[in-house]
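Asks: Before we start, here is the structure in question, set down as structure tokens.
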Amino acid sequence: MRGGEAPAGRGAGDDEFIVGTRGSRLALTQTSGAAEALSAYSGYGYRLETIRSEGDVLTGPLSQMGGTGVFATALRSALFDGRCDVAVHSLKDLPAKDLEGLSIAAVPVRAEVRDALCSAGDLPVERLPEGAKVGTGSPRRKAQLLAARGDLEVVDIRGNVGTRLARVRGREDAAETSTQAPDAARGDLDAVVLAGAGLIRLGLEHHISELISTEVMVPAPGQGALAVEVRAVDAEPGTMLGEALAQYDDFAARVETTAERALLARLNAGCSAPIGGLARLDEATGVLRLRSVVCAPDGSSTQSAEAAVEMTAAAPRASAVAAAAQLGAAVAEQLLADDTGLLAHVIDT
């Protein structure tokens with residue numbers, strides 16, 4: 001990736017745009033939906049280009065590979081190199097600080113924000129048997145699971161959605177929806193925790209035993225939202241996709257995720273840190289409220305903070321986004337001011 005060098009935009013004579021995507025079924029589903037919407041708004045055709053990431057090749061815990069941001073790096077490189085014009089990310093997987101030369105030009109309507117428990121016997125978290133084995137690749141989910149149920153055994157897992165679901169007793173046939181390795185484990189866990197939005201987008205909501213309350217498990221910043229990223233010059237009005245991107249951008253999703261990402265950015269925390277952050281806009285009152293929870297990796301201690309700001313209806317959109325960013329920074333400042341060492345430990349690890 002060429003540092004801060006601004007990449008060239010699309011030429012005026014082009015009649016289609018190229019959309020970069022990872023090769024997983026979930027990525028293809030999310031990317032295709034966004035590409036169809038942008039094509040409809042702009043009147044241009046599109047072509048999908050599969051970009052392989054380091055995270056798709058390497059094995060081992062994501063937290064040891066730089067977190068889920070590892071999946072975004074290859075797509076961003078493809079934007080800089082001109083191999084694609086649009087990249088569609090799960091917003092929770094993007095590093096909190098924007099990259100010079102690129103623009104998150106649209107955040108469409110947000111999907112389900114809650115984490116989903118998929119368990120043997122469709123048991124909720126509170127009814128899982130003592131010592132139950134629960135799989136997740138997320139330090140945040142692990143920490144909050146242990147905070148709620150310290151008796152659970154949390155197992156680190158990798159793989160696509162079907163592969164993870166197949167680890168649950170009674171759900172082994174879920175592997176048929178994935179490209180699972182023949183020797184991959186099946187039926188060795190009591191439950192797994194996945195993003196509810198991903199399961200719903202894939203039509204696998206029948207596997208959801210419980211959408212975990214955000215009072216029990218605060219989602220990752222950006223969870224349930226997509227980020228449509230382009231070269232900054234291609235987000236300008238009058239460009240091939242500029243107006244389409246502006247139409248595709250959803251106000252509520254934009255201000256909520258702006259607050260959440262500003263929280264992470266101020267804390268200088270990676271997207272794999274055991275930090276939950278959820279902002280919700282009450283469209284009736286115009287109040288945007290952000291809550292954040294920091295958990296020790298073993299769930300032994302937690303720290304939380306919350307604040308709200310009123311979105312002025314007549315204010316320009318840019319002012320509302322700026323107010324959302326200030327809210328995220330303010331909640332981060334609360335956490336930093338009240339830190340007893342937990343936050344510093346979590347960010348360092």
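Order determines the names: the first chain of the structure tokens is A, the second B, and so forth; residues in each chain are numbered 1 upward, and ligands are numbered 1 upward as they are shown.
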Counting only C-alpha atoms, which residues in region 140-238 of chain A sit no more than 8 Å from region 91-101 of chain A? For each one, give the nearest pair of atoms and the distance in Å, sorted by chain then residue number, as JSON lines.

Replies:
```
{"residue": "A:Ala220", "atom": "CA", "partner": "A:Lys92", "partner_atom": "CA", "distance": 6.3}
{"residue": "A:Pro221", "atom": "CA", "partner": "A:Lys92", "partner_atom": "CA", "distance": 5.7}
{"residue": "A:Gly222", "atom": "CA", "partner": "A:Lys92", "partner_atom": "CA", "distance": 4.4}
{"residue": "A:Gln223", "atom": "CA", "partner": "A:Lys92", "partner_atom": "CA", "distance": 5.1}
{"residue": "A:Gly224", "atom": "CA", "partner": "A:Leu91", "partner_atom": "CA", "distance": 7.7}
{"residue": "A:Ala225", "atom": "CA", "partner": "A:Leu91", "partner_atom": "CA", "distance": 5.6}
{"residue": "A:Leu226", "atom": "CA", "partner": "A:Leu91", "partner_atom": "CA", "distance": 5.0}
{"residue": "A:Ala227", "atom": "CA", "partner": "A:Leu91", "partner_atom": "CA", "distance": 5.1}
{"residue": "A:Arg231", "atom": "CA", "partner": "A:Gly101", "partner_atom": "CA", "distance": 6.0}
{"residue": "A:Ala232", "atom": "CA", "partner": "A:Gly101", "partner_atom": "CA", "distance": 5.4}
{"residue": "A:Val233", "atom": "CA", "partner": "A:Gly101", "partner_atom": "CA", "distance": 7.9}
```

Asks: Just write the chosen residues, all heavy atoms, as a PDB file, in the first residue's frame.

Replies:
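Produced file result-v3.pdb, reproduced below:
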```
ATOM      1  N   ALA A 220     -19.384  -5.490  19.197  1.00  0.00           N
ATOM      2  CA  ALA A 220     -18.183  -4.797  18.739  1.00  0.00           C
ATOM      3  C   ALA A 220     -18.585  -3.498  18.055  1.00  0.00           C
ATOM      4  O   ALA A 220     -19.633  -3.426  17.401  1.00  0.00           O
ATOM      5  CB  ALA A 220     -17.416  -5.676  17.750  1.00  0.00           C
ATOM      6  N   PRO A 221     -17.790  -2.444  18.191  1.00  0.00           N
ATOM      7  CA  PRO A 221     -18.065  -1.218  17.436  1.00  0.00           C
ATOM      8  C   PRO A 221     -18.210  -1.533  15.948  1.00  0.00           C
ATOM      9  O   PRO A 221     -17.368  -2.212  15.360  1.00  0.00           O
ATOM     10  CB  PRO A 221     -16.833  -0.363  17.719  1.00  0.00           C
ATOM     11  CG  PRO A 221     -16.395  -0.805  19.082  1.00  0.00           C
ATOM     12  CD  PRO A 221     -16.626  -2.282  19.092  1.00  0.00           C
ATOM     13  N   GLY A 222     -19.302  -1.052  15.369  1.00  0.00           N
ATOM     14  CA  GLY A 222     -19.549  -1.282  13.947  1.00  0.00           C
ATOM     15  C   GLY A 222     -20.272  -2.567  13.627  1.00  0.00           C
ATOM     16  O   GLY A 222     -20.591  -2.821  12.454  1.00  0.00           O
ATOM     17  N   GLN A 223     -20.568  -3.386  14.615  1.00  0.00           N
ATOM     18  CA  GLN A 223     -21.186  -4.692  14.340  1.00  0.00           C
ATOM     19  C   GLN A 223     -22.564  -4.517  13.698  1.00  0.00           C
ATOM     20  O   GLN A 223     -23.338  -3.648  14.074  1.00  0.00           O
ATOM     21  CB  GLN A 223     -21.319  -5.502  15.624  1.00  0.00           C
ATOM     22  CG  GLN A 223     -21.796  -6.943  15.395  1.00  0.00           C
ATOM     23  CD  GLN A 223     -21.388  -7.869  16.525  1.00  0.00           C
ATOM     24  OE1 GLN A 223     -20.214  -7.925  16.878  1.00  0.00           O
ATOM     25  NE2 GLN A 223     -22.338  -8.588  17.090  1.00  0.00           N
ATOM     26  N   GLY A 224     -22.838  -5.338  12.703  1.00  0.00           N
ATOM     27  CA  GLY A 224     -24.104  -5.276  11.985  1.00  0.00           C
ATOM     28  C   GLY A 224     -24.112  -4.281  10.843  1.00  0.00           C
ATOM     29  O   GLY A 224     -25.073  -4.222  10.075  1.00  0.00           O
ATOM     30  N   ALA A 225     -23.045  -3.502  10.711  1.00  0.00           N
ATOM     31  CA  ALA A 225     -22.981  -2.476   9.654  1.00  0.00           C
ATOM     32  C   ALA A 225     -21.956  -2.863   8.598  1.00  0.00           C
ATOM     33  O   ALA A 225     -20.967  -3.547   8.885  1.00  0.00           O
ATOM     34  CB  ALA A 225     -22.619  -1.122  10.251  1.00  0.00           C
ATOM     35  N   LEU A 226     -22.191  -2.401   7.387  1.00  0.00           N
ATOM     36  CA  LEU A 226     -21.238  -2.553   6.296  1.00  0.00           C
ATOM     37  C   LEU A 226     -20.584  -1.210   6.015  1.00  0.00           C
ATOM     38  O   LEU A 226     -21.190  -0.155   6.225  1.00  0.00           O
ATOM     39  CB  LEU A 226     -21.943  -3.049   5.025  1.00  0.00           C
ATOM     40  CG  LEU A 226     -22.616  -4.415   5.083  1.00  0.00           C
ATOM     41  CD1 LEU A 226     -23.270  -4.726   3.735  1.00  0.00           C
ATOM     42  CD2 LEU A 226     -21.635  -5.507   5.467  1.00  0.00           C
ATOM     43  N   ALA A 227     -19.354  -1.259   5.549  1.00  0.00           N
ATOM     44  CA  ALA A 227     -18.640  -0.057   5.137  1.00  0.00           C
ATOM     45  C   ALA A 227     -18.302  -0.196   3.659  1.00  0.00           C
ATOM     46  O   ALA A 227     -17.658  -1.163   3.249  1.00  0.00           O
ATOM     47  CB  ALA A 227     -17.359   0.112   5.942  1.00  0.00           C
ATOM     48  N   ARG A 231     -11.741   4.939  -3.257  1.00  0.00           N
ATOM     49  CA  ARG A 231     -10.730   5.987  -3.281  1.00  0.00           C
ATOM     50  C   ARG A 231     -11.434   7.325  -3.038  1.00  0.00           C
ATOM     51  O   ARG A 231     -12.530   7.568  -3.553  1.00  0.00           O
ATOM     52  CB  ARG A 231      -9.991   5.978  -4.622  1.00  0.00           C
ATOM     53  CG  ARG A 231      -9.135   4.724  -4.833  1.00  0.00           C
ATOM     54  CD  ARG A 231      -8.476   4.725  -6.210  1.00  0.00           C
ATOM     55  NE  ARG A 231      -9.443   4.495  -7.265  1.00  0.00           N
ATOM     56  CZ  ARG A 231      -9.791   3.290  -7.734  1.00  0.00           C
ATOM     57  NH1 ARG A 231      -9.239   2.193  -7.229  1.00  0.00           N
ATOM     58  NH2 ARG A 231     -10.674   3.178  -8.715  1.00  0.00           N
ATOM     59  N   ALA A 232     -10.821   8.196  -2.268  1.00  0.00           N
ATOM     60  CA  ALA A 232     -11.467   9.448  -1.877  1.00  0.00           C
ATOM     61  C   ALA A 232     -11.928  10.263  -3.089  1.00  0.00           C
ATOM     62  O   ALA A 232     -13.010  10.866  -3.075  1.00  0.00           O
ATOM     63  CB  ALA A 232     -10.521  10.270  -1.009  1.00  0.00           C
ATOM     64  N   VAL A 233     -11.142  10.258  -4.156  1.00  0.00           N
ATOM     65  CA  VAL A 233     -11.515  11.038  -5.350  1.00  0.00           C
ATOM     66  C   VAL A 233     -12.776  10.490  -6.004  1.00  0.00           C
ATOM     67  O   VAL A 233     -13.497  11.221  -6.691  1.00  0.00           O
ATOM     68  CB  VAL A 233     -10.360  11.063  -6.374  1.00  0.00           C
ATOM     69  CG1 VAL A 233      -9.182  11.843  -5.836  1.00  0.00           C
ATOM     70  CG2 VAL A 233      -9.939   9.648  -6.774  1.00  0.00           C
TER      71      VAL A 233
END
```

Asks: With a distance cut-off of 6 Å and only C-alpha atoms, select the neighbouring residues of region 78-84 of chain A, excluding the residue or stretch itself and same-chain residues fewer than 2 positions from it, and output the selection as a PDB file with N, CA, C and O atoms, in the first residue's frame.

Replies:
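Saved file around-v7.pdb follows:
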```pdb
ATOM      1  N   PRO A   7      -4.490   7.685  -4.737  1.00  0.00           N
ATOM      2  CA  PRO A   7      -4.603   6.921  -5.971  1.00  0.00           C
ATOM      3  C   PRO A   7      -5.496   7.641  -6.974  1.00  0.00           C
ATOM      4  O   PRO A   7      -6.346   8.443  -6.620  1.00  0.00           O
ATOM      5  N   ILE A  18     -15.584  -1.935 -10.558  1.00  0.00           N
ATOM      6  CA  ILE A  18     -15.105  -3.226 -10.069  1.00  0.00           C
ATOM      7  C   ILE A  18     -15.208  -3.242  -8.548  1.00  0.00           C
ATOM      8  O   ILE A  18     -14.755  -2.306  -7.876  1.00  0.00           O
ATOM      9  N   VAL A  19     -15.806  -4.277  -8.027  1.00  0.00           N
ATOM     10  CA  VAL A  19     -16.035  -4.396  -6.590  1.00  0.00           C
ATOM     11  C   VAL A  19     -15.183  -5.534  -6.037  1.00  0.00           C
ATOM     12  O   VAL A  19     -15.336  -6.681  -6.451  1.00  0.00           O
ATOM     13  N   GLY A  20     -14.271  -5.204  -5.129  1.00  0.00           N
ATOM     14  CA  GLY A  20     -13.424  -6.215  -4.518  1.00  0.00           C
ATOM     15  C   GLY A  20     -14.142  -6.923  -3.385  1.00  0.00           C
ATOM     16  O   GLY A  20     -14.910  -6.319  -2.630  1.00  0.00           O
ATOM     17  N   LEU A  75      -8.005  -5.837   0.708  1.00  0.00           N
ATOM     18  CA  LEU A  75      -9.001  -5.091  -0.058  1.00  0.00           C
ATOM     19  C   LEU A  75      -8.575  -3.632  -0.228  1.00  0.00           C
ATOM     20  O   LEU A  75      -8.735  -3.043  -1.299  1.00  0.00           O
ATOM     21  N   ARG A  76      -8.012  -3.052   0.828  1.00  0.00           N
ATOM     22  CA  ARG A  76      -7.557  -1.664   0.737  1.00  0.00           C
ATOM     23  C   ARG A  76      -6.376  -1.551  -0.229  1.00  0.00           C
ATOM     24  O   ARG A  76      -6.278  -0.580  -0.988  1.00  0.00           O
ATOM     25  N   VAL A  86     -14.335  -0.364  -5.572  1.00  0.00           N
ATOM     26  CA  VAL A  86     -15.170  -0.396  -4.374  1.00  0.00           C
ATOM     27  C   VAL A  86     -14.770  -1.599  -3.547  1.00  0.00           C
ATOM     28  O   VAL A  86     -14.537  -2.686  -4.088  1.00  0.00           O
TER      29      VAL A  86
END
```

Asks: Contacts of Val168 (chain A) at 8 Å or less, counting only C-alpha atoms, minus same-chain residues fewer than 6 places along, as an MDAnalysis selection string?

Replies: chainID A and resid 118:120 186:192

Asks: From a DSSP calculation on the backbone, collect every residue of region 127-325 of chain A in alpha helix (DSSP H) and output the set as number ranges by chain.

Replies: A: 139-148, 161-165, 196-201, 242-248, 251-267, 317-325

Asks: Please return as a compact mmCIF listing (two decimals) with N, CA, C and O atoms, in the first residue's frame: the residues of region 84-310 of chain A that backbone DSSP assigns to strand (DSSP E).

Replies:
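As a result, out23.txt now contains:
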```txt
# COMPACT_ATOMS: atom_id res chain seq x y z
N VAL A 86 -14.33 -0.36 -5.57
CA VAL A 86 -15.17 -0.40 -4.37
C VAL A 86 -14.77 -1.60 -3.55
O VAL A 86 -14.54 -2.69 -4.09
N ALA A 87 -14.68 -1.41 -2.24
CA ALA A 87 -14.47 -2.54 -1.32
C ALA A 87 -15.59 -2.50 -0.28
O ALA A 87 -15.93 -1.43 0.24
N VAL A 88 -16.16 -3.66 0.00
CA VAL A 88 -17.24 -3.75 0.99
C VAL A 88 -16.71 -4.54 2.17
O VAL A 88 -16.32 -5.70 2.03
N HIS A 89 -16.69 -3.91 3.33
CA HIS A 89 -16.18 -4.52 4.55
C HIS A 89 -17.31 -4.70 5.56
O HIS A 89 -18.26 -3.93 5.59
N SER A 90 -17.16 -5.69 6.44
CA SER A 90 -17.90 -5.66 7.69
C SER A 90 -17.24 -4.57 8.51
O SER A 90 -16.04 -4.62 8.77
N LEU A 102 -8.34 7.09 1.04
CA LEU A 102 -9.55 6.27 0.92
C LEU A 102 -10.67 6.91 1.72
O LEU A 102 -10.44 7.69 2.64
N SER A 103 -11.91 6.56 1.38
CA SER A 103 -13.08 7.12 2.06
C SER A 103 -14.12 6.04 2.30
O SER A 103 -14.45 5.29 1.37
N ILE A 104 -14.62 5.96 3.54
CA ILE A 104 -15.80 5.13 3.80
C ILE A 104 -16.98 5.98 3.36
O ILE A 104 -17.52 6.78 4.10
N ALA A 105 -17.36 5.82 2.10
CA ALA A 105 -18.29 6.74 1.46
C ALA A 105 -19.75 6.39 1.72
O ALA A 105 -20.63 7.22 1.49
N ALA A 106 -20.03 5.18 2.19
CA ALA A 106 -21.40 4.81 2.50
C ALA A 106 -21.42 3.77 3.61
O ALA A 106 -20.61 2.84 3.62
N ASP A 115 -24.95 -10.22 19.15
CA ASP A 115 -24.27 -11.49 18.96
C ASP A 115 -25.28 -12.62 19.11
O ASP A 115 -26.27 -12.51 19.87
N ALA A 116 -25.05 -13.71 18.40
CA ALA A 116 -25.98 -14.84 18.41
C ALA A 116 -25.32 -16.07 19.02
O ALA A 116 -24.20 -16.43 18.65
N LEU A 117 -26.02 -16.70 19.94
CA LEU A 117 -25.59 -17.99 20.48
C LEU A 117 -26.27 -19.09 19.69
O LEU A 117 -27.49 -19.08 19.50
N CYS A 118 -25.49 -20.04 19.20
CA CYS A 118 -26.01 -21.21 18.49
C CYS A 118 -25.58 -22.42 19.32
O CYS A 118 -24.39 -22.74 19.40
N SER A 119 -26.54 -23.07 19.96
CA SER A 119 -26.19 -24.08 20.95
C SER A 119 -26.89 -25.41 20.70
O SER A 119 -27.93 -25.48 20.02
N LYS A 133 -18.60 -26.14 26.70
CA LYS A 133 -17.57 -25.65 25.80
C LYS A 133 -18.22 -24.76 24.74
O LYS A 133 -19.09 -25.22 23.98
N VAL A 134 -17.79 -23.49 24.72
CA VAL A 134 -18.36 -22.51 23.80
C VAL A 134 -17.25 -21.97 22.91
O VAL A 134 -16.22 -21.51 23.40
N GLY A 135 -17.46 -21.99 21.60
CA GLY A 135 -16.44 -21.55 20.66
C GLY A 135 -16.64 -20.12 20.19
O GLY A 135 -17.76 -19.69 19.93
N THR A 136 -15.55 -19.38 20.10
CA THR A 136 -15.55 -18.05 19.50
C THR A 136 -14.11 -17.68 19.16
O THR A 136 -13.17 -18.12 19.83
N GLU A 153 -16.19 -23.02 29.51
CA GLU A 153 -14.88 -23.22 28.88
C GLU A 153 -14.96 -22.64 27.47
O GLU A 153 -15.69 -23.16 26.63
N VAL A 154 -14.24 -21.55 27.24
CA VAL A 154 -14.31 -20.88 25.94
C VAL A 154 -13.16 -21.36 25.07
O VAL A 154 -11.99 -21.32 25.48
N VAL A 155 -13.49 -21.82 23.87
CA VAL A 155 -12.54 -22.43 22.95
C VAL A 155 -12.34 -21.52 21.75
O VAL A 155 -13.32 -21.06 21.15
N ASP A 156 -11.08 -21.24 21.38
CA ASP A 156 -10.80 -20.41 20.22
C ASP A 156 -11.07 -21.19 18.95
O ASP A 156 -10.59 -22.32 18.79
N ALA A 191 -21.69 -25.02 22.08
CA ALA A 191 -22.25 -23.81 21.47
C ALA A 191 -21.15 -23.02 20.80
O ALA A 191 -19.95 -23.22 21.07
N VAL A 192 -21.54 -22.12 19.93
CA VAL A 192 -20.63 -21.11 19.37
C VAL A 192 -21.35 -19.77 19.41
O VAL A 192 -22.59 -19.72 19.46
N VAL A 193 -20.57 -18.70 19.38
CA VAL A 193 -21.13 -17.35 19.32
C VAL A 193 -20.67 -16.71 18.01
O VAL A 193 -19.47 -16.68 17.72
N LEU A 194 -21.63 -16.24 17.24
CA LEU A 194 -21.37 -15.61 15.95
C LEU A 194 -22.15 -14.30 15.88
O LEU A 194 -23.05 -14.06 16.69
N ALA A 195 -21.84 -13.48 14.89
CA ALA A 195 -22.61 -12.25 14.70
C ALA A 195 -23.99 -12.60 14.15
O ALA A 195 -24.11 -13.33 13.16
N GLU A 210 -30.25 -17.94 20.58
CA GLU A 210 -30.52 -16.73 21.34
C GLU A 210 -29.76 -15.57 20.74
O GLU A 210 -28.56 -15.70 20.44
N LEU A 211 -30.45 -14.46 20.53
CA LEU A 211 -29.77 -13.20 20.25
C LEU A 211 -29.46 -12.59 21.61
O LEU A 211 -30.36 -12.21 22.36
N LEU A 226 -22.19 -2.40 7.39
CA LEU A 226 -21.24 -2.55 6.30
C LEU A 226 -20.58 -1.21 6.02
O LEU A 226 -21.19 -0.16 6.23
N ALA A 227 -19.35 -1.26 5.55
CA ALA A 227 -18.64 -0.06 5.14
C ALA A 227 -18.30 -0.20 3.66
O ALA A 227 -17.66 -1.16 3.25
N VAL A 228 -18.76 0.77 2.87
CA VAL A 228 -18.44 0.79 1.45
C VAL A 228 -17.31 1.80 1.27
O VAL A 228 -17.50 3.01 1.42
N GLU A 229 -16.14 1.28 0.96
CA GLU A 229 -14.94 2.11 0.89
C GLU A 229 -14.49 2.26 -0.55
O GLU A 229 -14.49 1.29 -1.33
N VAL A 230 -14.10 3.49 -0.90
CA VAL A 230 -13.62 3.79 -2.25
C VAL A 230 -12.42 4.72 -2.14
O VAL A 230 -12.11 5.23 -1.07
N ARG A 231 -11.74 4.94 -3.26
CA ARG A 231 -10.73 5.99 -3.28
C ARG A 231 -11.43 7.32 -3.04
O ARG A 231 -12.53 7.57 -3.55
N ILE A 275 -13.28 -4.91 23.84
CA ILE A 275 -14.01 -3.68 24.13
C ILE A 275 -15.31 -3.69 23.31
O ILE A 275 -15.28 -3.85 22.09
N GLY A 276 -16.43 -3.53 23.99
CA GLY A 276 -17.71 -3.42 23.31
C GLY A 276 -18.13 -1.97 23.25
O GLY A 276 -17.85 -1.20 24.16
N GLY A 277 -18.78 -1.60 22.17
CA GLY A 277 -19.28 -0.24 22.04
C GLY A 277 -20.50 -0.22 21.15
O GLY A 277 -20.46 -0.73 20.03
N LEU A 278 -21.60 0.31 21.66
CA LEU A 278 -22.84 0.34 20.87
C LEU A 278 -23.51 1.70 21.01
O LEU A 278 -23.84 2.14 22.12
N ALA A 279 -23.71 2.36 19.88
CA ALA A 279 -24.46 3.61 19.83
C ALA A 279 -25.79 3.34 19.15
O ALA A 279 -25.86 2.59 18.18
N ARG A 280 -26.85 3.96 19.67
CA ARG A 280 -28.18 3.82 19.10
C ARG A 280 -28.82 5.20 18.97
O ARG A 280 -28.80 5.99 19.92
N LEU A 281 -29.36 5.48 17.80
CA LEU A 281 -30.04 6.75 17.56
C LEU A 281 -31.54 6.55 17.74
O LEU A 281 -32.15 5.72 17.06
N ASP A 282 -32.13 7.29 18.67
CA ASP A 282 -33.57 7.31 18.84
C ASP A 282 -34.11 8.35 17.86
O ASP A 282 -33.99 9.55 18.09
N VAL A 287 -31.92 11.66 19.94
CA VAL A 287 -30.83 11.45 20.90
C VAL A 287 -29.99 10.26 20.47
O VAL A 287 -30.52 9.16 20.21
N LEU A 288 -28.69 10.47 20.39
CA LEU A 288 -27.72 9.41 20.10
C LEU A 288 -27.03 9.04 21.41
O LEU A 288 -26.42 9.89 22.06
N ARG A 289 -27.15 7.76 21.80
CA ARG A 289 -26.57 7.31 23.07
C ARG A 289 -25.53 6.24 22.80
O ARG A 289 -25.77 5.32 22.01
N LEU A 290 -24.39 6.36 23.45
CA LEU A 290 -23.29 5.41 23.28
C LEU A 290 -22.93 4.78 24.62
O LEU A 290 -22.74 5.49 25.62
N ARG A 291 -22.82 3.46 24.62
CA ARG A 291 -22.41 2.72 25.81
C ARG A 291 -21.21 1.85 25.45
O ARG A 291 -21.18 1.23 24.39
N SER A 292 -20.24 1.81 26.35
CA SER A 292 -19.05 0.99 26.12
C SER A 292 -18.72 0.18 27.34
O SER A 292 -18.93 0.62 28.48
N VAL A 293 -18.23 -1.02 27.10
CA VAL A 293 -17.79 -1.92 28.18
C VAL A 293 -16.42 -2.46 27.84
O VAL A 293 -16.17 -2.89 26.70
N VAL A 294 -15.53 -2.41 28.82
CA VAL A 294 -14.19 -3.01 28.70
C VAL A 294 -14.14 -4.19 29.66
O VAL A 294 -14.56 -4.06 30.82
N CYS A 295 -13.67 -5.34 29.18
CA CYS A 295 -13.62 -6.54 30.01
C CYS A 295 -12.20 -7.07 30.11
O CYS A 295 -11.46 -7.07 29.11
N THR A 302 -14.78 -5.68 34.90
CA THR A 302 -15.30 -4.89 33.79
C THR A 302 -15.29 -3.41 34.14
O THR A 302 -15.23 -3.04 35.32
N GLN A 303 -15.36 -2.60 33.13
CA GLN A 303 -15.42 -1.15 33.28
C GLN A 303 -16.35 -0.63 32.20
O GLN A 303 -16.29 -1.08 31.05
N SER A 304 -17.24 0.29 32.54
CA SER A 304 -18.19 0.78 31.56
C SER A 304 -18.33 2.29 31.61
O SER A 304 -17.97 2.94 32.62
N ALA A 305 -18.86 2.86 30.55
CA ALA A 305 -19.11 4.29 30.46
C ALA A 305 -20.23 4.51 29.46
O ALA A 305 -20.43 3.71 28.54
N GLU A 306 -20.95 5.62 29.63
CA GLU A 306 -22.09 5.91 28.76
C GLU A 306 -22.31 7.42 28.69
O GLU A 306 -22.08 8.14 29.66
N ALA A 307 -22.75 7.90 27.53
CA ALA A 307 -23.08 9.31 27.36
C ALA A 307 -24.01 9.44 26.17
O ALA A 307 -24.21 8.49 25.40
N ALA A 308 -24.62 10.62 26.02
CA ALA A 308 -25.57 10.85 24.93
C ALA A 308 -25.43 12.27 24.42
O ALA A 308 -24.92 13.16 25.10
N VAL A 309 -25.90 12.47 23.18
CA VAL A 309 -25.92 13.80 22.58
C VAL A 309 -27.19 13.91 21.75
O VAL A 309 -27.66 12.93 21.17
N GLU A 310 -27.76 15.10 21.70
CA GLU A 310 -28.96 15.32 20.90
C GLU A 310 -28.56 15.78 19.50
O GLU A 310 -27.79 16.73 19.34
```

Asks: CA of Ala246 (chain A) to CA of Leu327 (chain A): how many Å, to one decimal?

Replies: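 Between CA of Ala246 (chain A) and CA of Leu327 (chain A) the gap works out to 23.3 Å.
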
Asks: Could you name the residues that touch Ser42 (chain A) at 10 Å or less, counting only C-alpha atoms, but leaving out those on the same chain fewer than 2 positions away, as an mmCIF file with N, CA, C and O atoms, in the first residue's frame?

Replies:
```
data_model
loop_
_atom_site.group_PDB
_atom_site.id
_atom_site.type_symbol
_atom_site.label_atom_id
_atom_site.label_comp_id
_atom_site.auth_asym_id
_atom_site.auth_seq_id
_atom_site.Cartn_x
_atom_site.Cartn_y
_atom_site.Cartn_z
ATOM 1 N N GLU A 16 -18.458 0.443 -16.199
ATOM 2 C CA GLU A 16 -18.706 -0.443 -15.068
ATOM 3 C C GLU A 16 -17.670 -0.187 -13.984
ATOM 4 O O GLU A 16 -16.598 0.344 -14.246
ATOM 5 N N GLU A 36 -25.187 -4.402 -6.114
ATOM 6 C CA GLU A 36 -26.482 -4.263 -6.783
ATOM 7 C C GLU A 36 -27.116 -2.909 -6.477
ATOM 8 O O GLU A 36 -27.679 -2.252 -7.362
ATOM 9 N N ALA A 37 -27.034 -2.493 -5.200
ATOM 10 C CA ALA A 37 -27.614 -1.205 -4.807
ATOM 11 C C ALA A 37 -26.909 -0.051 -5.515
ATOM 12 O O ALA A 37 -27.561 0.859 -6.057
ATOM 13 N N LEU A 38 -25.581 -0.074 -5.524
ATOM 14 C CA LEU A 38 -24.827 1.004 -6.172
ATOM 15 C C LEU A 38 -25.069 1.020 -7.686
ATOM 16 O O LEU A 38 -25.119 2.082 -8.305
ATOM 17 N N SER A 39 -25.224 -0.151 -8.267
ATOM 18 C CA SER A 39 -25.516 -0.234 -9.699
ATOM 19 C C SER A 39 -26.875 0.374 -10.001
ATOM 20 O O SER A 39 -27.041 1.125 -10.978
ATOM 21 N N ALA A 40 -27.859 0.082 -9.131
ATOM 22 C CA ALA A 40 -29.199 0.629 -9.337
ATOM 23 C C ALA A 40 -29.213 2.140 -9.170
ATOM 24 O O ALA A 40 -29.858 2.869 -9.949
ATOM 25 N N TYR A 44 -24.771 2.243 -13.611
ATOM 26 C CA TYR A 44 -23.607 1.558 -14.170
ATOM 27 C C TYR A 44 -23.615 0.079 -13.801
ATOM 28 O O TYR A 44 -24.180 -0.319 -12.776
ATOM 29 N N GLY A 45 -22.973 -0.726 -14.647
ATOM 30 C CA GLY A 45 -22.802 -2.129 -14.324
ATOM 31 C C GLY A 45 -21.637 -2.316 -13.368
ATOM 32 O O GLY A 45 -20.905 -1.370 -13.058
ATOM 33 N N MET A 240 -18.321 8.947 -11.091
ATOM 34 C CA MET A 240 -19.118 7.798 -11.515
ATOM 35 C C MET A 240 -20.039 7.295 -10.405
ATOM 36 O O MET A 240 -21.209 6.969 -10.632
ATOM 37 N N LEU A 241 -19.521 7.242 -9.160
ATOM 38 C CA LEU A 241 -20.278 6.659 -8.053
ATOM 39 C C LEU A 241 -20.627 7.641 -6.946
ATOM 40 O O LEU A 241 -21.282 7.261 -5.976
ATOM 41 N N GLY A 242 -20.180 8.889 -7.083
ATOM 42 C CA GLY A 242 -20.342 9.841 -5.994
ATOM 43 C C GLY A 242 -21.774 9.985 -5.503
ATOM 44 O O GLY A 242 -22.056 9.864 -4.303
ATOM 45 N N GLU A 243 -22.709 10.234 -6.413
ATOM 46 C CA GLU A 243 -24.107 10.434 -6.023
ATOM 47 C C GLU A 243 -24.728 9.135 -5.513
ATOM 48 O O GLU A 243 -25.533 9.136 -4.578
ATOM 49 N N ALA A 244 -24.364 8.012 -6.127
ATOM 50 C CA ALA A 244 -24.901 6.716 -5.704
ATOM 51 C C ALA A 244 -24.471 6.387 -4.281
ATOM 52 O O ALA A 244 -25.267 5.897 -3.470
ATOM 53 N N LEU A 245 -23.223 6.673 -3.966
ATOM 54 C CA LEU A 245 -22.720 6.423 -2.615
ATOM 55 C C LEU A 245 -23.444 7.299 -1.600
ATOM 56 O O LEU A 245 -23.797 6.836 -0.507
ATOM 57 N N GLN A 247 -26.480 8.438 -1.794
ATOM 58 C CA GLN A 247 -27.836 7.926 -1.627
ATOM 59 C C GLN A 247 -27.861 6.639 -0.793
ATOM 60 O O GLN A 247 -28.805 6.395 -0.045
#
```

Asks: Between A:Tyr248, A:Val218, A:Arg114, A:Val109, which is the closest to Tyr41 (chain A) once you count only C-alpha atoms?

Replies: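 Of all the options, A:Tyr248 lies closest to Tyr41 (chain A).
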